[in-house]
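Participant: Dropping the structure in here first, questions after.
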Amino acid sequence: MLFSTFFATALLSVSSLISSVAAQTPGACSGDCNVHDPALIRRTSDGKYFRFSTGNKITIATSSALAGPWTNQGSAITGGSSIALTGNDDLWAPDIQKVGDYYYLYYSVSTFGSQASAIGVARSTTMEVGSWTDLGSTGIASSSGSAYNAIDSNLILAGSTYYATFGSFWGDIYQVPMASTPTKTAGTSIQVAYNSSGSHAVEGSFTYYRSPYYYLFFSSGTCCGFDTSRPAQGAEYRINVCRSSSVTGPYVDATGKSCTAGGGTTVLASHDNVYGPGGQGIYPDTTQGGAVLYYHYVNTNIGYGDGQKLFGWNLLSWSTGWPVPT
Ligand SMILES: *[C@@H]1O[C@H](CO)[C@@H](O)[C@H](O)[C@H]1NC(C)=O
């Protein structure tokens with residue numbers, strides 16, 4: 001029994017290795033392509049692309065096409081967050097969602113390696129620099145001893161209920177129902193992904209619905225500082241996925257392994273000159289003919305520094321029921 005499970009696992013790792021080797025190079029990017037933890041949307045009124053990212057109190061970049069040329073416009077939360085925590089002038093890991101007339105921009109307030117964290121939200125009707133109103137904390141917050149670290153939020157509408165999925169290290173990925181105007185929590189959080197091994201390096205979750213499944217994407221491994229301390233090969237950032245027929249789980253990987261017990265099927269890992277892809281999201285882009293996986297990575301021909309992270313994207317194919325970058 002154990003032996004055959006071992007072989008099944010070994011075969012599946014070989015096939016996931018093949019799919020990651022076959023993954024194509026990132027789609028083109030011109031203009032301002034240095035980015036960390038991107039979040040992507042197109043403005044309903046004119047189709048313009050807006051890309052939000054970590055740094056400069058959430059950097060706003062715009063483009064008329066996914067491939068660019070991208071132009072950095074400035075900061076979203078120009079005055080910093082009203083959340084009274086250290087890090088409220090250094091906001092991370094945005095998520096952008098349109099609900100009704102507003103674009104909601106979720107952001108994280110924290111400091112590196114600390115659980116003194118909260119997820120805040122700002123809103124705007126145009127997304128332009130200077131148009132954002134900070135609404136402060138969503139109520140998703142953590143402190144030393146909490147089950148999770150309240151950063152890296154992502155919102156999804158499932159049926160008529162909004163859910164925020166969030167978390168980084170500690171108990172990894174949690175999910176909480178949100179109010180119908182999704183600026184505040186409206187329930188208790190549950191764990192949806194957890195890897196008990198090593199340092200529990202799971203973060204940057206993003207939930208995407210493609211009938212009949214909810215797909216929970218997350219970044220596993222070491223995110224940053226590749227220029228000063230490179231992790232063991234394979235321990236660097238990579239994009240994993242799990243799926244469930246219910247938004248609240250249980251989520252399993254392609255081998256059927258529970259994602260609260262270390263499961264996760266690799267979607268995109270280091271390959272060729274692409275290293276440490278992660279910080280991902282999914283955008284259903286009509287100009288590309290389907291769901292686009294977007295992320296950051298470093299190009300090993302350019303450099304490994306955090307400031308050298310680049311905007312990457314690939315159209316996803318779903319023919320196996322699991323997302324594969326093309
Ligand atoms: C879980 O963590 C271990 C130790 O860091 C790692 O080797 C393994 O690949 C992780 N699992 C997934 C699905 O990333």
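Following the order of the structure tokens, chains are lettered A, B, ..., residues in each are numbered from 1, and ligands are numbered from 1.
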Which residues of stretch 106-187 of chain A come within 12 Å of stretch 214-226 of chain A, and what is each one's closest atom pair and distance in Å (one decimal), counting only C-alpha atoms, sorted by chain and residue number, as a tab-separated table?
Facilitator:
residue	atom	partner	partner_atom	distance
A:Phe112	CA	A:Cys224	CA	10.9
A:Asp152	CA	A:Phe218	CA	10.1
A:Ser153	CA	A:Phe218	CA	11.3
A:Asn154	CA	A:Leu216	CA	10.5
A:Leu155	CA	A:Leu216	CA	11.7
A:Ile156	CA	A:Tyr214	CA	9.9
A:Leu157	CA	A:Tyr214	CA	10.9
A:Ala158	CA	A:Tyr214	CA	9.1
A:Gly159	CA	A:Tyr214	CA	11.8
A:Ala164	CA	A:Leu216	CA	11.9
A:Thr165	CA	A:Leu216	CA	9.1
A:Phe166	CA	A:Phe218	CA	9.9
A:Gly167	CA	A:Phe218	CA	9.9
A:Ser168	CA	A:Ser219	CA	9.4
A:Phe169	CA	A:Ser220	CA	9.5
A:Asp172	CA	A:Phe218	CA	9.9
A:Ile173	CA	A:Phe218	CA	8.5
A:Tyr174	CA	A:Leu216	CA	11.2
A:Gln175	CA	A:Leu216	CA	10.9
Participant: Take the residues from that selection and put them in a file with C-alpha atoms, as a compact mmCIF listing (two decimals), in the first residue's frame.
Facilitator:
# COMPACT_ATOMS: atom_id res chain seq x y z
CA PHE A 112 9.24 41.46 7.64
CA ASP A 152 -1.49 38.89 1.27
CA SER A 153 -5.27 39.25 0.91
CA ASN A 154 -7.37 38.24 -2.08
CA LEU A 155 -11.12 38.62 -2.51
CA ILE A 156 -13.50 36.29 -4.36
CA LEU A 157 -17.27 36.34 -4.81
CA ALA A 158 -18.74 32.85 -4.40
CA GLY A 159 -22.49 32.74 -4.94
CA ALA A 164 -11.04 37.01 1.65
CA THR A 165 -8.20 34.50 1.53
CA PHE A 166 -4.98 35.60 3.20
CA GLY A 167 -1.95 34.51 5.17
CA SER A 168 1.77 33.96 5.14
CA PHE A 169 3.81 31.42 7.14
CA ASP A 172 -0.38 29.54 6.29
CA ILE A 173 -3.57 30.30 4.34
CA TYR A 174 -6.87 31.25 5.98
CA GLN A 175 -10.20 32.39 4.59
Participant: Using only C-alpha atoms and all ligand atoms, what are the residues with an atom within 8 Å of ligand 1, set out as an MDAnalysis selection string?
Facilitator: chainID A and resid 195:202 220:221 234:235 238 240 259 262:266
Participant: Taking N, CA, C and O atoms for each residue, export the selection above as a CSV table (one decimal), in the first residue's frame.
Facilitator:
chain,number,residue,atom,x,y,z
A,195,ASN,N,1.2,23.8,5.1
A,195,ASN,CA,2.3,22.9,5.0
A,195,ASN,C,3.1,22.9,6.3
A,195,ASN,O,3.8,23.8,6.6
A,196,SER,N,3.0,21.8,7.0
A,196,SER,CA,3.5,21.7,8.3
A,196,SER,C,5.1,21.5,8.3
A,196,SER,O,5.7,21.6,9.3
A,197,SER,N,5.6,21.2,7.1
A,197,SER,CA,7.0,21.0,7.0
A,197,SER,C,7.8,22.2,7.0
A,197,SER,O,7.4,23.3,6.6
A,198,GLY,N,9.1,22.1,7.5
A,198,GLY,CA,10.0,23.2,7.4
A,198,GLY,C,9.5,24.5,8.0
A,198,GLY,O,8.9,24.5,9.1
A,199,SER,N,9.6,25.6,7.3
A,199,SER,CA,9.2,26.9,7.8
A,199,SER,C,7.8,27.3,7.5
A,199,SER,O,7.4,28.5,7.7
A,200,HIS,N,6.9,26.4,7.0
A,200,HIS,CA,5.5,26.7,6.6
A,200,HIS,C,5.5,27.8,5.6
A,200,HIS,O,4.7,28.8,5.7
A,201,ALA,N,6.4,27.7,4.6
A,201,ALA,CA,6.6,28.8,3.6
A,201,ALA,C,5.5,28.8,2.5
A,201,ALA,O,5.7,28.3,1.4
A,202,VAL,N,4.3,29.3,2.9
A,202,VAL,CA,3.2,29.3,2.0
A,202,VAL,C,2.5,30.7,2.2
A,202,VAL,O,2.3,31.1,3.3
A,220,SER,N,4.8,29.1,-2.7
A,220,SER,CA,5.5,28.3,-1.7
A,220,SER,C,7.0,28.6,-1.8
A,220,SER,O,7.5,28.8,-2.9
A,221,GLY,N,7.7,28.5,-0.7
A,221,GLY,CA,9.2,28.6,-0.7
A,221,GLY,C,9.7,30.0,-0.3
A,221,GLY,O,8.9,30.9,0.1
A,234,GLY,N,15.2,24.4,-5.6
A,234,GLY,CA,13.8,23.9,-5.5
A,234,GLY,C,13.1,24.4,-4.3
A,234,GLY,O,11.9,24.3,-4.1
A,235,ALA,N,13.9,25.1,-3.4
A,235,ALA,CA,13.3,25.7,-2.2
A,235,ALA,C,12.9,27.2,-2.4
A,235,ALA,O,12.4,27.8,-1.5
A,238,ARG,N,7.8,29.3,-5.8
A,238,ARG,CA,7.1,28.6,-6.9
A,238,ARG,C,5.6,28.7,-6.7
A,238,ARG,O,5.2,29.0,-5.6
A,240,ASN,N,2.0,27.1,-6.7
A,240,ASN,CA,1.2,25.9,-6.5
A,240,ASN,C,-0.3,26.1,-6.6
A,240,ASN,O,-0.7,27.2,-6.4
A,259,CYS,N,-4.7,19.9,1.0
A,259,CYS,CA,-3.8,21.1,1.0
A,259,CYS,C,-3.7,21.7,2.4
A,259,CYS,O,-2.9,22.7,2.5
A,262,GLY,N,-0.1,19.7,3.5
A,262,GLY,CA,1.1,19.8,2.7
A,262,GLY,C,0.9,19.6,1.2
A,262,GLY,O,1.9,19.7,0.4
A,263,GLY,N,-0.3,19.4,0.7
A,263,GLY,CA,-0.6,19.2,-0.7
A,263,GLY,C,-0.3,20.5,-1.5
A,263,GLY,O,-0.3,21.6,-0.9
A,264,GLY,N,-0.2,20.4,-2.8
A,264,GLY,CA,0.0,21.5,-3.7
A,264,GLY,C,0.6,21.0,-5.0
A,264,GLY,O,1.6,20.3,-5.0
A,265,THR,N,0.0,21.3,-6.1
A,265,THR,CA,0.5,20.9,-7.4
A,265,THR,C,1.2,22.1,-8.1
A,265,THR,O,0.6,23.2,-8.1
A,266,THR,N,2.4,21.9,-8.5
A,266,THR,CA,3.2,23.0,-9.1
A,266,THR,C,2.6,23.4,-10.4
A,266,THR,O,2.4,22.6,-11.3
Participant: Would you mind telling me which residue in A:Pro26, A:Pro69, A:Gly249, A:Gly79 lies nearest to A:Thr207 when using only C-alpha atoms?
Facilitator: A:Gly249
Participant: Skipping near chain neighbours, those fewer than 5 positions away, what residues fall within 6 Å of A:His296 using only C-alpha atoms, listed as a ChimeraX atom specification?
Facilitator: /A:36,277-278,309-312
Participant: For C-alpha atoms, I'd like the residues from the last selection saved as a short mmCIF file (atom, residue, chain, number, x, y, z; two decimals), in the first residue's frame.
Facilitator:
data_model
loop_
_atom_site.label_atom_id
_atom_site.label_comp_id
_atom_site.auth_asym_id
_atom_site.auth_seq_id
_atom_site.Cartn_x
_atom_site.Cartn_y
_atom_site.Cartn_z
CA HIS A 36 6.79 42.74 -6.79
CA PRO A 277 8.13 32.88 -9.80
CA GLY A 278 5.39 33.83 -7.33
CA LYS A 309 11.88 41.25 -10.07
CA LEU A 310 9.98 41.34 -13.33
CA PHE A 311 6.36 41.18 -14.40
CA GLY A 312 5.60 37.80 -15.98
#
Participant: Identify which of the residues A:Pro231, A:Gly47, A:Gly136, A:Gly68 lies closest to A:Ser81, counting only C-alpha atoms when measuring atom-to-atom distances.
Facilitator: A:Gly136
Participant: Between A:Asn314, A:Thr286, A:Thr260, A:Asn273, single out the one closest to A:Asn301, counting only C-alpha atoms.
Facilitator: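 Selected residue with least distance to A:Asn301: A:Asn273.
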Participant: Can you list, as an MDAnalysis selection string, every residue of stretch 44-149 of chain A that DSSP puts in strand (DSSP E)?
Facilitator: chainID A and resid 49:53 59:63 71:75 92:99 102:109 117:124 133:142
Participant: Excluding A:Thr86 and residues on its chain fewer than 4 positions from it, collect all residues at most 8 Å away from it, counting only C-alpha atoms, and give them as a list in words.
Facilitator: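 Contacts, with the query itself left out: Val109, Ser110, Thr111 and Ala116 of chain A.
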Participant: Residues near A:Pro38, anyone? I mean within 9 Å using only C-alpha atoms, not counting same-chain ones fewer than 3 positions away, as a ChimeraX atom specification.
Facilitator: /A:35,51-54,93-95,279-281,294-296,311
Participant: Could you jot down the atom CA of A:Ala193 to atom CA of A:Gly290 separation for me, Å, one decimal place?
Facilitator: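 Interatomic distance here is 26.1 Å.
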